[in-house]
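Participant: Next comes upload-v4.txt, compact mmCIF, C-alpha atoms:
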# COMPACT_ATOMS: atom_id res chain seq x y z
CA MET A 1115 -28.00 -59.51 -122.40
CA ALA A 1116 -29.10 -56.87 -119.93
CA GLU A 1117 -25.78 -57.17 -118.20
CA ASP A 1118 -24.02 -56.47 -121.47
CA LEU A 1119 -25.88 -53.19 -121.77
CA CYS A 1120 -24.28 -51.80 -118.58
CA PHE A 1121 -21.30 -49.60 -119.37
CA PHE A 1122 -19.95 -49.43 -115.74
CA PRO A 1123 -18.45 -52.11 -113.54
CA LYS A 1124 -20.31 -53.31 -110.41
CA GLU A 1125 -17.74 -51.87 -108.05
CA SER A 1126 -18.50 -48.40 -109.33
CA LEU A 1127 -22.16 -48.75 -108.29
CA THR A 1128 -21.44 -49.48 -104.59
CA THR A 1129 -22.88 -46.67 -102.29
CA LYS A 1130 -20.27 -45.00 -99.94
CA PRO A 1131 -21.06 -42.54 -97.10
CA PRO A 1132 -20.09 -39.02 -98.09
CA LYS A 1133 -16.96 -37.55 -96.57
CA LYS A 1134 -18.88 -34.49 -95.44
CA ASN A 1135 -20.97 -36.50 -92.94
CA THR A 1136 -17.82 -38.04 -91.44
CA LEU A 1137 -16.29 -34.60 -90.86
CA VAL A 1138 -19.39 -33.35 -89.03
CA LEU A 1139 -19.43 -36.41 -86.81
CA ARG A 1140 -15.81 -35.86 -85.87
CA MET A 1141 -16.50 -32.23 -85.01
CA VAL A 1142 -19.40 -33.22 -82.75
CA VAL A 1143 -17.24 -35.75 -80.92
CA LEU A 1144 -14.46 -33.21 -80.51
CA ILE A 1145 -16.86 -30.62 -79.05
CA LEU A 1146 -18.25 -33.18 -76.61
CA VAL A 1147 -14.72 -34.09 -75.52
CA MET A 1148 -13.87 -30.43 -74.95
CA ILE A 1149 -17.03 -29.85 -72.91
CA CYS A 1150 -16.30 -32.87 -70.74
CA GLY A 1151 -12.73 -31.69 -70.25
CA VAL A 1152 -13.79 -28.22 -69.14
CA TYR A 1153 -16.37 -29.70 -66.76
CA ILE A 1154 -13.80 -32.03 -65.22
CA CYS A 1155 -11.31 -29.18 -64.76
CA LEU A 1156 -13.87 -26.93 -63.09
CA THR A 1157 -14.96 -29.74 -60.82
CA CYS A 1158 -11.40 -30.47 -59.80
CA LEU A 1159 -10.64 -26.81 -59.15
CA GLY A 1160 -13.76 -26.48 -57.02
CA GLN A 1161 -12.81 -29.50 -54.98
CA PHE A 1162 -9.29 -28.15 -54.58
CA GLY A 1163 -10.67 -24.80 -53.33
CA VAL A 1164 -12.91 -26.53 -50.81
CA TRP A 1165 -10.01 -28.69 -49.74
CA SER A 1166 -7.78 -25.60 -49.34
CA THR A 1167 -10.46 -23.79 -47.32
CA GLN A 1168 -11.00 -26.82 -45.15
CA ARG A 1169 -7.28 -27.10 -44.70
CA SER A 1170 -6.93 -23.44 -43.66
CA LEU A 1171 -9.90 -23.77 -41.33
CA ALA A 1172 -8.39 -26.90 -39.89
CA ILE A 1173 -5.14 -25.03 -39.24
CA HIS A 1174 -7.05 -22.21 -37.56
CA VAL A 1175 -8.89 -24.62 -35.31
CA VAL A 1176 -5.72 -26.48 -34.43
CA GLU A 1177 -4.12 -23.20 -33.17
CA ARG A 1178 -4.00 -23.52 -29.40
CA PRO A 1179 -5.33 -20.61 -27.32
CA CYS A 1180 -3.10 -18.93 -24.78
CA GLU A 1181 -3.44 -20.26 -21.25
CA VAL A 1182 -1.69 -19.40 -18.01
CA THR A 1183 -2.09 -22.13 -15.47
CA GLU A 1184 -1.27 -20.04 -12.39
CA ILE A 1185 -4.30 -17.75 -12.87
CA GLU A 1186 -7.05 -18.43 -10.35
CA PRO A 1187 -10.46 -19.35 -11.81
CA SER A 1188 -12.05 -16.22 -10.31
CA GLU A 1189 -9.48 -14.05 -12.10
CA LYS A 1190 -9.85 -15.56 -15.57
CA PRO A 1191 -12.71 -13.22 -16.68
CA TYR A 1192 -10.32 -10.28 -16.15
CA VAL A 1193 -7.42 -11.75 -18.12
CA HIS A 1194 -7.06 -10.98 -21.82
CA PHE A 1195 -4.67 -12.08 -24.54
CA PRO A 1196 -4.88 -9.27 -27.10
CA LYS A 1197 -3.67 -9.65 -30.68
CA PRO A 1198 -2.57 -6.17 -31.78
CA LYS A 1199 -2.93 -5.33 -35.46
CA THR A 1200 -0.50 -2.40 -35.61
CA PHE A 1201 2.52 -4.25 -34.24
CA SER A 1202 3.62 -7.78 -33.45
CA ARG A 1203 5.87 -9.04 -30.67
CA ASP A 1204 6.16 -12.77 -30.39
CA GLU A 1205 7.46 -12.64 -26.82
CA CYS A 1206 4.25 -10.86 -25.73
CA ALA A 1207 1.87 -13.16 -27.64
CA CYS A 1208 0.61 -15.06 -24.60
CA ASN A 1209 1.31 -12.40 -21.99
CA PRO A 1210 -1.87 -11.93 -19.88
CA VAL A 1211 -3.21 -8.36 -19.85
CA ARG A 1212 -5.72 -6.80 -17.46
CA ASN A 1213 -7.88 -3.78 -18.28
CA PHE A 1214 -8.59 -1.06 -15.73
CA ALA A 1215 -10.17 2.37 -15.41
CA ILE A 1216 -9.26 5.04 -12.86
CA LEU A 1217 -12.55 6.58 -11.71
CA SER A 1218 -12.06 9.92 -10.01
CA THR A 1219 -12.94 13.62 -9.79
CA GLN A 1220 -10.90 16.59 -10.94
CA ARG A 1221 -8.12 17.80 -8.61
CA SER A 1222 -8.11 14.59 -6.59
CA GLY A 1223 -4.58 13.53 -7.46
CA SER A 1224 -5.49 11.33 -10.43
CA GLY A 1225 -2.86 12.93 -12.70
CA TRP A 1226 -0.13 12.32 -10.13
CA PHE A 1227 -1.43 8.82 -9.47
CA GLU A 1228 -1.36 8.01 -13.18
CA THR A 1229 2.30 9.05 -13.44
CA LEU A 1230 3.03 6.62 -10.61
CA LEU A 1231 1.36 3.79 -12.50
CA ASN A 1232 3.10 4.67 -15.75
CA SER A 1233 6.47 4.48 -14.02
CA HIS A 1234 5.87 0.73 -13.86
CA ILE A 1235 7.38 -1.03 -16.88
CA ASN A 1236 4.31 -3.25 -17.32
CA ILE A 1237 1.49 -0.72 -16.76
CA SER A 1238 0.11 1.64 -19.39
CA SER A 1239 -2.50 4.26 -18.45
CA ASN A 1240 -3.63 6.59 -21.22
CA GLY A 1241 -5.20 9.64 -19.56
CA GLU A 1242 -8.67 11.14 -19.86
CA ILE A 1243 -9.72 9.92 -23.29
CA PHE A 1244 -13.30 11.16 -22.71
CA SER A 1245 -12.28 14.71 -21.84
CA VAL A 1246 -13.62 17.45 -24.12
CA LYS A 1247 -10.40 19.39 -23.59
CA VAL A 1248 -7.12 18.71 -25.33
CA ARG A 1249 -4.98 16.89 -22.80
CA ARG A 1250 -1.20 17.01 -22.74
CA ASN A 1251 0.43 13.87 -21.42
CA MET A 1252 3.57 15.53 -20.04
CA LEU A 1253 6.25 13.14 -18.83
CA THR A 1254 3.65 10.43 -18.27
CA SER A 1255 4.37 8.25 -21.28
CA ALA A 1256 2.14 5.21 -21.44
CA SER A 1257 4.24 3.51 -24.13
CA LYS A 1258 6.42 0.67 -22.93
CA ASN A 1259 9.37 -1.36 -24.19
CA GLU A 1260 8.35 -4.30 -22.03
CA CYS A 1261 5.25 -6.47 -22.41
CA THR A 1262 2.20 -4.67 -21.04
CA ALA A 1263 0.41 -6.50 -18.23
CA ALA A 1264 -2.18 -3.85 -17.37
CA VAL A 1265 -3.66 -1.19 -19.64
CA GLY A 1266 -6.20 1.48 -18.71
CA LEU A 1267 -7.41 5.06 -18.72
CA LYS A 1268 -8.78 7.84 -16.51
CA TRP A 1269 -12.50 8.52 -16.40
CA MET A 1270 -13.85 11.47 -14.42
CA LEU A 1271 -17.28 11.11 -12.80
CA ASN A 1272 -18.56 14.17 -14.69
CA GLN A 1273 -17.62 12.77 -18.10
CA GLY A 1274 -20.83 10.80 -18.64
CA LEU A 1275 -19.87 8.11 -16.16
CA MET A 1276 -22.69 8.75 -13.70
CA GLN A 1277 -25.37 9.40 -16.31
CA ASN A 1278 -24.63 6.10 -18.08
CA HIS A 1279 -23.55 4.04 -15.09
CA GLU A 1280 -25.80 1.05 -15.82
CA GLN A 1281 -24.41 0.47 -19.31
CA ILE A 1282 -20.85 1.12 -18.15
CA VAL A 1283 -21.15 -1.32 -15.25
CA GLU A 1284 -22.47 -3.95 -17.63
CA TYR A 1285 -19.58 -3.29 -20.01
CA PHE A 1286 -17.02 -3.52 -17.21
CA LYS A 1287 -18.42 -6.83 -16.03
CA SER A 1288 -18.82 -8.42 -19.46
CA ASN A 1289 -15.39 -7.27 -20.69
CA GLY A 1290 -13.38 -7.86 -17.54
CA VAL A 1291 -12.56 -4.22 -16.70
CA SER A 1292 -11.45 -3.47 -13.12
CA ALA A 1293 -12.19 -0.11 -11.49
CA ILE A 1294 -9.71 1.89 -9.41
CA PHE A 1295 -11.53 4.55 -7.39
CA LEU A 1296 -9.36 7.48 -6.38
CA PHE A 1297 -10.82 10.25 -4.24
CA ARG A 1298 -9.71 12.94 -1.83
CA ARG A 1299 -10.76 12.80 1.81
CA ASN A 1300 -10.28 16.51 2.43
CA LEU A 1301 -12.76 18.06 0.01
CA LEU A 1302 -11.83 21.55 1.21
CA ARG A 1303 -8.30 21.12 -0.13
CA ARG A 1304 -9.79 19.85 -3.39
CA MET A 1305 -11.96 22.97 -3.62
CA ILE A 1306 -8.95 25.24 -3.14
CA SER A 1307 -7.09 23.34 -5.85
CA ILE A 1308 -10.04 23.72 -8.26
CA LEU A 1309 -10.29 27.48 -7.68
CA ALA A 1310 -6.55 27.93 -8.11
CA ASN A 1311 -6.53 25.84 -11.30
CA THR A 1312 -9.44 27.85 -12.71
CA TYR A 1313 -7.51 31.07 -12.03
CA ASP A 1314 -4.44 29.65 -13.77
CA GLN A 1315 -6.50 28.78 -16.85
CA ASN A 1316 -7.36 32.45 -17.26
CA ALA A 1317 -4.30 34.26 -15.90
CA LYS A 1318 -1.64 31.83 -17.21
CA PRO A 1319 1.16 33.11 -14.95
CA LEU A 1320 3.69 30.60 -16.31
CA ASN A 1321 4.82 32.56 -19.38
CA GLY A 1322 1.29 32.62 -20.77
CA THR A 1323 0.86 28.84 -20.47
CA HIS A 1324 -1.72 26.98 -18.41
CA LYS A 1325 -0.41 23.95 -16.52
CA SER A 1326 -2.55 21.74 -14.33
CA HIS A 1327 0.57 19.93 -13.12
CA VAL A 1328 4.17 21.06 -12.86
CA HIS A 1329 7.55 19.36 -12.65
CA SER A 1330 9.70 21.96 -10.95
CA THR A 1331 9.60 23.70 -7.57
CA HIS A 1332 10.01 27.06 -9.32
CA GLU A 1333 6.79 26.61 -11.28
CA ALA A 1334 5.00 25.26 -8.20
CA LYS A 1335 5.92 28.38 -6.18
CA ILE A 1336 4.62 30.69 -8.91
CA LEU A 1337 1.25 28.93 -9.05
CA ALA A 1338 1.00 28.75 -5.25
CA ARG A 1339 1.08 32.54 -4.97
CA TYR A 1340 -2.58 32.81 -5.84
CA LYS A 1341 -4.91 32.55 -2.83
CA PRO A 1342 -8.59 32.14 -3.69
CA THR A 1343 -11.50 33.55 -1.69
CA ILE A 1344 -14.11 30.87 -0.99
CA ASN A 1345 -17.81 31.70 -0.95
CA THR A 1346 -18.72 30.56 2.57
CA THR A 1347 -22.46 30.74 1.82
CA LEU A 1348 -22.11 27.96 -0.75
CA LEU A 1349 -19.25 26.15 0.98
CA ILE A 1350 -21.22 23.48 2.85
CA PRO A 1351 -23.71 22.81 -0.02
CA ASN A 1352 -20.78 22.41 -2.43
CA LEU A 1353 -18.96 20.02 -0.12
CA LYS A 1354 -22.10 17.96 0.35
CA GLN A 1355 -22.69 17.82 -3.41
CA VAL A 1356 -19.25 16.32 -4.02
CA GLU A 1357 -19.63 13.98 -1.06
CA ASP A 1358 -22.95 12.69 -2.45
CA LEU A 1359 -21.40 12.27 -5.89
CA VAL A 1360 -18.64 10.07 -4.50
CA THR A 1361 -21.11 8.02 -2.45
CA LYS A 1362 -23.34 7.43 -5.46
CA SER A 1363 -20.42 6.35 -7.65
CA LEU A 1364 -19.38 3.74 -5.11
CA GLN A 1365 -22.95 2.52 -4.91
CA TYR A 1366 -23.35 2.32 -8.68
CA PHE A 1367 -20.13 0.37 -9.25
CA LYS A 1368 -20.12 -1.84 -6.18
CA SER A 1369 -20.81 -4.98 -8.26
CA THR A 1370 -17.64 -4.50 -10.32
CA ARG A 1371 -14.18 -5.70 -9.39
CA HIS A 1372 -12.74 -2.58 -7.77
CA ILE A 1373 -10.39 -1.04 -5.25
CA ILE A 1374 -10.92 2.24 -3.35
CA LEU A 1375 -8.00 4.58 -2.77
CA TYR A 1376 -7.64 8.03 -1.22
CA TYR A 1377 -5.04 10.59 -2.15
CA GLU A 1378 -4.08 11.27 1.47
CA ASP A 1379 -3.59 7.56 2.19
CA ILE A 1380 -1.18 7.14 -0.71
CA ILE A 1381 0.90 10.09 0.55
CA THR A 1382 1.13 8.86 4.14
CA ASN A 1383 1.23 5.12 3.45
CA ARG A 1384 3.16 4.04 0.37
CA THR A 1385 2.09 0.44 0.90
CA LYS A 1386 -1.13 1.50 -0.82
CA LEU A 1387 0.85 1.37 -4.05
CA VAL A 1388 1.72 -2.22 -3.20
CA ASP A 1389 -2.01 -2.92 -2.91
CA VAL A 1390 -2.63 -1.37 -6.34
CA GLN A 1391 0.04 -3.50 -7.99
CA GLU A 1392 -1.38 -6.58 -6.32
CA PHE A 1393 -4.84 -5.58 -7.55
CA LEU A 1394 -3.54 -5.29 -11.12
CA LYS A 1395 -1.53 -8.52 -10.74
CA VAL A 1396 1.73 -6.99 -11.90
CA PRO A 1397 5.24 -7.52 -10.46
CA GLN A 1398 6.01 -5.28 -7.49
CA ARG A 1399 8.08 -2.21 -8.38
CA ASP A 1400 9.03 1.08 -6.71
CA LEU A 1401 6.74 3.64 -8.32
CA HIS A 1402 7.74 7.28 -8.69
CA SER A 1403 6.51 10.55 -10.17
CA ARG A 1404 8.23 13.71 -11.37
CA GLN A 1405 5.26 15.90 -10.54
CA VAL A 1406 5.79 18.57 -7.88
CA LYS A 1407 3.01 19.41 -5.46
CA ILE A 1408 1.74 22.99 -5.85
CA HIS A 1409 -0.14 23.75 -2.63
CA LYS A 1410 1.89 22.97 0.48
CA GLY A 1411 1.70 24.01 4.09
CA PRO A 1412 -1.32 24.76 6.28
CA LEU A 1413 -4.68 25.56 4.71
CA SER A 1414 -4.78 28.91 6.47
CA SER A 1415 -1.93 30.08 4.21
CA GLN A 1416 -3.66 29.02 0.98
CA VAL A 1417 -6.84 31.13 1.08
CA GLU A 1418 -7.68 34.77 1.66
CA ASN A 1419 -10.65 34.32 4.00
CA TRP A 1420 -9.47 31.51 6.26
CA GLU A 1421 -11.20 32.83 9.37
CA ASP A 1422 -14.59 32.90 7.62
CA ILE A 1423 -14.06 29.35 6.41
CA ARG A 1424 -13.09 28.17 9.87
CA LYS A 1425 -16.22 29.66 11.42
CA THR A 1426 -18.43 28.15 8.71
CA LEU A 1427 -17.15 24.61 9.13
CA LYS A 1428 -16.61 24.61 12.89
CA GLY A 1429 -19.08 22.32 14.62
CA THR A 1430 -20.26 20.73 11.34
CA GLN A 1431 -19.66 17.31 9.83
CA TYR A 1432 -16.85 18.88 7.79
CA LYS A 1433 -14.89 20.31 10.70
CA SER A 1434 -12.18 17.68 10.20
CA PHE A 1435 -11.27 19.39 6.92
CA LEU A 1436 -9.80 22.23 8.97
CA GLU A 1437 -7.25 19.93 10.57
CA GLU A 1438 -3.88 18.97 9.12
CA ASP A 1439 -4.38 15.23 8.86
CA TYR A 1440 -1.34 14.41 6.78
CA LYS A 1441 2.17 15.68 6.27
CA LEU A 1442 2.72 17.91 3.24
Re-express the file's structure as structure tokens.

Facilitator:
Amino acid sequence: MAEDLCFFPKESLTTKPPKKNTLVLRMVVLILVMICGVYICLTCLGQFGVWSTQRSLAIHVVERPCEVTEIEPSEKPYVHFPKPKTFSRDECACNPVRNFAILSTQRSGSGWFETLLNSHINISSNGEIFSVKVRRNMLTSASKNECTAAVGLKWMLNQGLMQNHEQIVEYFKSNGVSAIFLFRRNLLRRMISILANTYDQNAKPLNGTHKSHVHSTHEAKILARYKPTINTTLLIPNLKQVEDLVTKSLQYFKSTRHIILYYEDIITNRTKLVDVQEFLKVPQRDLHSRQVKIHKGPLSSQVENWEDIRKTLKGTQYKSFLEEDYKL
């Protein structure tokens, strides 16, 4: 009877989950799937980056360093294989290069000597880079078309070299820099050259231009006309001061790899240039310079007060400076 009172069939009373709950569940699952996908992608990309870095590092490590088997073990600290950033030449990639510095004093022939070195196709010397004055590198080009085997500069003793000798010696030794000492035996001739060059700086007889070095006999004759007068009272003290300076420099740098040259020896014995090339480990070449010597002939013709100078130096340790010890 009770069943007859029900107006709806049984099937219509069955409880079904609402569609709204099903939609929410699907959205949650979809979001979880998306999050997992993003995580997996990021993880893969990170692993790929690490793999790429490791691969590039592996390639860098695999790159073989340059080696030259014929270099003696004692010479290896002085051999460099530079990798220039401003230019690239594959044929020079493993070409051994040696660094050097010409240590000298003004008017000792260092400018002439540098032109000799720069006439070598594998040597590049770049002048006085520590000079406070503007230097003109006339006809002494250090740029080369061939692979450079030795590169260097000029450094005068009065350009901070002596005051900072300890640090410089340490730098030379730790960076494989060789020293080329170039001095003048006859310090009297050097003094005359300094006085004449000082006069030229002020007078500028060459069309109002000062030239420390010339490349024609005409210019050399014009500059040689000036004859300085030397203060004989200060002559011996000045000579001794320069002599002591040279001695100290040799003492300070004796622990470096070095060679000692004298201007007069290079003039009278050209095999000294063979020694220099051997020192720098470059192929032997005939070296030449276009510079023309300014002061020629006997010293007596180059100063105004020669007799006073002769009397001052006669019988002293500097008497040999009065003699003509090499052909001009």

Participant: Please provide as a list in words all residues within 8 Å of Thr1343 (chain A), with the sequence filter that same-chain residues fewer than 2 positions apart are discarded (counting all atoms listed in the file).

Facilitator: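 The contact residues come out as Lys1341, Asn1345, Val1417, Glu1418 and Asn1419 of chain A.
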
Participant: Suppose you want the space between CA of Phe1367 (chain A) and CA of Asn1236 (chain A); what is it in Å?

Facilitator: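 About the pair CA of Phe1367 (chain A) and CA of Asn1236 (chain A): they are 26.0 Å apart.
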
Participant: Pick out the closest residue to Lys1425 (chain A) from this set: A:Phe1195, A:Val1396, A:Thr1346, A:Val1360. Count only C-alpha atoms.

Facilitator: A:Thr1346

Participant: Quick one, how far is CA of Asn1240 (chain A) from CA of Glu1228 (chain A)?

Facilitator: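 Value for the CA of Asn1240 (chain A)-CA of Glu1228 (chain A) distance: 8.5 Å.
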
Participant: For region 1338-1340 of chain A, list every protein, DNA or RNA residue within 9 Å, evaluated using all atoms listed in the file, and leave out those in the same chain fewer than 5 positions away; present the list as a list in words.

Facilitator: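 Counting only the stated atoms, we get Ala1310, Tyr1313, Asp1314, Glu1333, Ile1408, His1409, Lys1410, Gln1416 and Val1417 of chain A.
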
Participant: Keeping only C-alpha atoms, take the residues you just selected and write them out as a PDB file, in the frame of the given file.

Facilitator:
ATOM      1  CA  ALA A1310      -6.550  27.930  -8.110  1.00  0.00           C
ATOM      2  CA  TYR A1313      -7.510  31.070 -12.030  1.00  0.00           C
ATOM      3  CA  ASP A1314      -4.440  29.650 -13.770  1.00  0.00           C
ATOM      4  CA  GLU A1333       6.790  26.610 -11.280  1.00  0.00           C
ATOM      5  CA  ILE A1408       1.740  22.990  -5.850  1.00  0.00           C
ATOM      6  CA  HIS A1409      -0.140  23.750  -2.630  1.00  0.00           C
ATOM      7  CA  LYS A1410       1.890  22.970   0.480  1.00  0.00           C
ATOM      8  CA  GLN A1416      -3.660  29.020   0.980  1.00  0.00           C
ATOM      9  CA  VAL A1417      -6.840  31.130   1.080  1.00  0.00           C
TER      10      VAL A1417
END

Participant: For Glu1392 (chain A), which residue out of A:Trp1269, A:Gln1220, A:Glu1378, A:Ile1373 is the nearest one, using all atoms listed in the file?

Facilitator: A:Ile1373

Participant: Which of these, A:Leu1231, A:Thr1430, A:Leu1271, A:Asp1204, has the shortest distance to Tyr1366 (chain A) once you count only C-alpha atoms?

Facilitator: A:Leu1271

Participant: Using all atoms listed in the file, which of A:Lys1395, A:Ile1216, A:Gly1151, A:Val1388 sits nearest Ile1185 (chain A)?

Facilitator: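 Selected residue with least distance to Ile1185 (chain A): A:Lys1395.
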
Participant: Please compute the CA of Val1265 (chain A)-CA of Leu1301 (chain A) distance, one decimal, in Å.

Facilitator: 29.0 Å

Participant: Smallest atom-to-atom distance to Asn1272 (chain A): which of A:Asn1316, A:Lys1325, A:Val1356, A:Ile1308, using all atoms listed in the file?

Facilitator: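 Going through A:Asn1316, A:Lys1325, A:Val1356, A:Ile1308 one by one, the smallest distance to Asn1272 (chain A) is for A:Val1356.
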